[in-house]
$ cat coords_6.csv   # CSV, C-alpha atoms
chain,number,residue,atom,x,y,z
A,1135,MET,CA,109.8,111.3,104.9
A,1136,THR,CA,108.3,111.2,108.4
A,1137,SER,CA,110.0,113.2,111.1
A,1138,GLY,CA,110.6,111.2,114.3
A,1139,VAL,CA,111.0,107.9,112.6
A,1140,SER,CA,114.3,106.1,111.6
A,1141,ALA,CA,114.4,102.9,109.7
A,1142,VAL,CA,116.9,100.1,110.4
A,1143,ILE,CA,117.3,97.3,107.8
A,1144,LEU,CA,119.0,94.2,109.1
A,1145,ALA,CA,121.3,92.9,106.3
A,1146,GLY,CA,124.0,91.1,108.2
A,1147,GLY,CA,123.1,87.4,107.7
A,1148,ARG,CA,125.1,84.7,105.9
A,1149,SER,CA,122.5,83.7,103.4
A,1150,ASP,CA,123.4,80.1,104.1
A,1151,ARG,CA,120.0,78.6,103.1
A,1152,PHE,CA,120.0,80.7,99.9
A,1153,GLY,CA,123.5,79.6,98.8
A,1154,ARG,CA,124.7,83.0,97.7
A,1155,ASP,CA,124.3,86.7,98.7
A,1156,LYS,CA,120.5,86.8,98.6
A,1157,LEU,CA,120.3,90.6,99.2
A,1158,ALA,CA,122.0,91.1,95.8
A,1159,GLU,CA,119.6,88.8,94.1
A,1160,PRO,CA,117.6,90.7,91.4
A,1161,ILE,CA,113.8,90.8,91.9
A,1162,ASP,CA,111.9,92.8,89.3
A,1163,GLY,CA,115.2,94.3,88.1
A,1164,ARG,CA,116.4,95.5,91.5
A,1165,PRO,CA,118.4,93.8,94.2
A,1166,LEU,CA,116.4,92.3,97.0
A,1167,LEU,CA,117.8,94.7,99.6
A,1168,GLN,CA,116.7,97.7,97.5
A,1169,HIS,CA,113.0,96.6,97.9
A,1170,ALA,CA,113.2,96.9,101.7
A,1171,ILE,CA,114.9,100.3,101.3
A,1172,ASP,CA,112.3,101.6,98.9
A,1173,ALA,CA,109.5,100.3,101.2
A,1174,VAL,CA,110.7,102.3,104.3
A,1175,ARG,CA,111.8,105.4,102.4
A,1176,PRO,CA,108.4,107.2,102.5
A,1177,MET,CA,108.1,107.0,106.3
A,1178,ALA,CA,111.6,107.5,107.6
A,1179,SER,CA,113.8,110.6,108.0
A,1180,GLU,CA,116.9,108.3,107.9
A,1181,ILE,CA,117.6,104.8,106.6
A,1182,ILE,CA,120.3,102.7,108.2
A,1183,VAL,CA,121.4,99.4,106.7
A,1184,VAL,CA,123.3,97.1,109.1
A,1185,VAL,CA,125.8,94.8,107.3
A,1186,PRO,CA,128.7,92.5,108.4
A,1187,PRO,CA,132.1,93.9,109.2
A,1188,GLY,CA,134.0,94.9,106.0
A,1189,ALA,CA,130.9,94.6,103.7
A,1190,ASP,CA,130.4,97.5,101.3
A,1191,PRO,CA,127.1,96.9,99.4
A,1192,PRO,CA,126.2,99.4,96.7
A,1193,LEU,CA,123.5,101.5,98.3
A,1194,PRO,CA,121.9,104.9,97.5
A,1195,PRO,CA,123.8,107.9,98.9
A,1196,ASP,CA,121.0,108.8,101.3
A,1197,VAL,CA,121.4,105.4,103.1
A,1198,THR,CA,123.7,105.1,106.1
A,1199,VAL,CA,125.7,101.9,106.4
A,1200,VAL,CA,126.5,100.5,109.8
A,1201,HIS,CA,128.7,97.5,110.4
A,1202,ASP,CA,127.9,94.8,113.0
A,1203,ALA,CA,130.5,94.7,115.8
A,1204,VAL,CA,131.1,91.0,115.1
A,1205,ALA,CA,130.5,89.1,111.9
A,1206,PHE,CA,127.2,87.1,112.0
A,1207,GLY,CA,126.5,87.9,115.6
A,1208,GLY,CA,122.8,87.5,115.1
A,1209,PRO,CA,119.9,89.8,114.5
A,1210,LEU,CA,119.8,91.2,118.0
A,1211,ALA,CA,123.4,92.4,117.7
A,1212,GLY,CA,122.5,93.9,114.3
A,1213,LEU,CA,119.6,95.7,115.8
A,1214,LEU,CA,121.8,97.1,118.6
A,1215,ALA,CA,124.2,98.5,116.0
A,1216,GLY,CA,121.3,100.0,114.0
A,1217,LEU,CA,119.7,101.5,117.1
A,1218,GLY,CA,123.0,103.0,118.2
A,1219,ALA,CA,123.2,104.8,114.9
A,1220,ALA,CA,119.6,106.0,114.8
A,1221,HIS,CA,118.7,109.5,115.7
A,1222,GLU,CA,114.9,109.4,115.9
A,1223,PRO,CA,112.9,108.2,118.9
A,1224,VAL,CA,110.9,105.7,117.0
A,1225,VAL,CA,112.6,103.1,114.8
A,1226,VAL,CA,111.0,100.8,112.1
A,1227,VAL,CA,113.0,97.6,111.9
A,1228,VAL,CA,112.8,95.3,108.9
A,1229,GLY,CA,114.8,92.6,107.3
A,1230,GLY,CA,116.8,93.2,104.1
A,1231,ASP,CA,115.2,90.1,102.8
A,1232,MET,CA,111.6,91.4,103.0
A,1233,PRO,CA,110.8,92.5,99.4
A,1234,THR,CA,107.1,93.2,99.7
A,1235,LEU,CA,106.7,95.3,102.8
A,1236,ASP,CA,103.5,97.4,102.8
A,1237,VAL,CA,104.2,100.9,104.1
A,1238,ARG,CA,100.6,101.2,105.2
A,1239,VAL,CA,101.0,98.3,107.6
A,1240,LEU,CA,104.3,99.8,108.9
A,1241,GLY,CA,102.5,103.1,109.4
A,1242,SER,CA,99.8,101.4,111.4
A,1243,MET,CA,102.5,99.9,113.6
A,1244,VAL,CA,104.0,103.3,114.2
A,1245,SER,CA,100.5,104.6,115.1
A,1246,ALA,CA,100.0,101.7,117.5
A,1247,LEU,CA,103.3,102.4,119.2
A,1248,GLY,CA,102.4,106.1,119.5
A,1249,GLY,CA,99.1,105.2,121.1
A,1250,GLY,CA,100.4,102.7,123.6
A,1251,ARG,CA,102.9,102.6,126.5
A,1252,GLY,CA,104.9,99.6,125.3
A,1253,GLY,CA,108.4,99.7,123.9
A,1254,ALA,CA,107.6,98.0,120.7
A,1255,VAL,CA,104.9,96.8,118.3
A,1256,VAL,CA,105.0,93.6,116.2
A,1257,LEU,CA,102.5,91.7,114.0
A,1258,GLU,CA,100.6,88.7,114.9
A,1259,HIS,CA,100.8,85.8,112.4
A,1260,GLU,CA,99.2,82.5,112.9
A,1261,GLY,CA,98.7,83.2,116.6
A,1262,ARG,CA,102.2,84.2,117.3
A,1263,ALA,CA,104.1,87.5,117.6
A,1264,ARG,CA,106.6,87.9,114.7
A,1265,PRO,CA,109.8,89.7,115.5
A,1266,LEU,CA,110.0,91.4,112.0
A,1267,PRO,CA,108.8,93.8,111.0
A,1268,MET,CA,109.0,95.7,114.4
A,1269,VAL,CA,108.5,99.3,115.4
A,1270,ILE,CA,110.4,100.1,118.6
A,1271,ARG,CA,111.2,103.0,120.8
A,1272,ARG,CA,114.9,103.7,120.4
A,1273,GLU,CA,115.9,104.2,124.1
A,1274,PRO,CA,114.2,101.2,125.7
A,1275,GLY,CA,115.3,99.1,122.6
A,1276,LEU,CA,118.9,100.1,123.1
A,1277,THR,CA,118.8,99.3,126.8
A,1278,GLY,CA,117.0,96.0,126.4
A,1279,ALA,CA,119.2,94.8,123.5
A,1280,GLU,CA,122.4,95.7,125.4
A,1281,ARG,CA,121.2,93.8,128.5
A,1282,LEU,CA,120.1,90.7,126.5
A,1283,ILE,CA,123.3,90.6,124.5
A,1284,ALA,CA,125.4,90.9,127.7
A,1285,GLY,CA,123.5,87.8,128.8
A,1286,GLY,CA,124.4,85.9,125.7
A,1287,GLU,CA,121.1,86.3,123.8
A,1288,ARG,CA,121.0,86.7,120.0
A,1289,ARG,CA,117.3,86.4,119.1
A,1290,LEU,CA,115.1,89.3,118.2
A,1291,ARG,CA,112.2,87.5,119.8
A,1292,ALA,CA,113.9,87.9,123.2
A,1293,LEU,CA,113.7,91.6,122.8
A,1294,VAL,CA,110.1,91.5,121.8
A,1295,ASP,CA,109.4,89.6,125.0
A,1296,ALA,CA,111.6,91.8,127.2
A,1297,LEU,CA,109.9,95.0,126.0
A,1298,SER,CA,106.4,93.5,126.4
A,1299,ALA,CA,105.7,94.4,122.8
A,1300,SER,CA,102.2,95.2,121.8
A,1301,VAL,CA,101.0,92.8,119.1
A,1302,LEU,CA,98.9,94.1,116.2
A,1303,PRO,CA,96.2,91.5,115.6
A,1304,GLU,CA,96.4,89.7,112.3
A,1305,THR,CA,92.8,90.6,111.5
A,1306,GLU,CA,93.7,94.2,111.8
A,1307,TRP,CA,96.8,94.3,109.6
A,1308,ARG,CA,95.4,91.9,107.1
A,1309,ALA,CA,92.6,94.4,106.5
A,1310,ILE,CA,95.3,96.5,104.9
A,1311,ASP,CA,97.5,93.7,103.5
A,1312,PRO,CA,95.1,90.8,102.8
A,1313,ASP,CA,97.8,88.7,101.1
A,1314,GLY,CA,100.3,89.1,104.0
A,1315,ARG,CA,103.0,90.5,101.7
A,1316,THR,CA,104.4,92.5,104.6
A,1317,ILE,CA,105.7,89.4,106.4
A,1318,ARG,CA,107.1,87.7,103.3
A,1319,ASP,CA,110.9,87.1,103.5
A,1320,ILE,CA,113.3,85.3,101.3
A,1321,ASP,CA,115.3,82.5,102.8
A,1322,THR,CA,115.7,80.0,100.0
A,1323,GLU,CA,115.6,80.2,96.2
A,1324,ALA,CA,112.1,78.6,96.4
A,1325,ASP,CA,110.9,81.7,98.2
A,1326,LEU,CA,111.5,83.8,95.1
A,1327,GLY,CA,108.5,82.2,93.4
$ encode --input "coords_6.csv" --output "structure tokens"
Amino acid sequence: MTSGVSAVILAGGRSDRFGRDKLAEPIDGRPLLQHAIDAVRPMASEIIVVVPPGADPPLPPDVTVVHDAVAFGGPLAGLLAGLGAAHEPVVVVVGGDMPTLDVRVLGSMVSALGGGRGGAVVLEHEGRARPLPMVIRREPGLTGAERLIAGGERRLRALVDALSASVLPETEWRAIDPDGRTIRDIDTEADLG
């Protein structure tokens, strides 16, 4: 565990494209969501999983469950709920559908945030900034997410833009994770292969 870092795992989506609850889908003998939890565990003093209202997924006892204020309100609303529950000043944000996160890449993002003045750090992929995974300063993240949601925004990318996030170049993070496993997410059954 790393003092000063919380982890928020966004797990409030519908799984429409997958056709069933993808986060419960077994991968290598463990539910998909458990892979994301295990990936952030070495670096976070607390792990928060954000789920839809009324959901009660089976999770380890050291994981805090937070419910979205509104069912399927979008990832920005989920992040706001997670940031509101976080206690540390720096928050690693990942999707519950990201089974192959590399903790070394996440650690390099935390280091990049610490060395910069921006409110967030994201990864470059194919010339664009990806909204997940993200490392964010809790306070500006909360303020920014609240303001954007009040204006009707639902996308994480809007917060990345609002915080003028630093973008870790693809050449830099690929030196750690050459196969790009950190950015893999599962949206359809075909993504399991």
$ closest_residue --input "coords_6.csv" --among "A:Ala1279, A:Leu1157, A:Val1139, A:Ile1310" --to "Pro1233 of chain A" --atoms "only C-alpha atoms"
A:Leu1157
$ atom_distance --input "coords_6.csv" --atom1 "atom CA of Gly1261 of chain A" --atom2 "atom CA of Leu1210 of chain A"
22.6 Å
$ atom_distance --input "coords_6.csv" --atom1 "atom CA of Pro1160 of chain A" --atom2 "atom CA of Asp1319 of chain A"
14.3 Å
$ closest_residue --input "coords_6.csv" --among "A:Val1228, A:Leu1193, A:Val1244, A:Leu1235" --to "Arg1315 of chain A" --atoms "all atoms listed in the file"
A:Leu1235
$ closest_residue --input "coords_6.csv" --among "A:Val1183, A:Leu1144, A:Ala1173, A:Ala1178" --to "Thr1316 of chain A" --atoms "only C-alpha atoms"
A:Ala1173
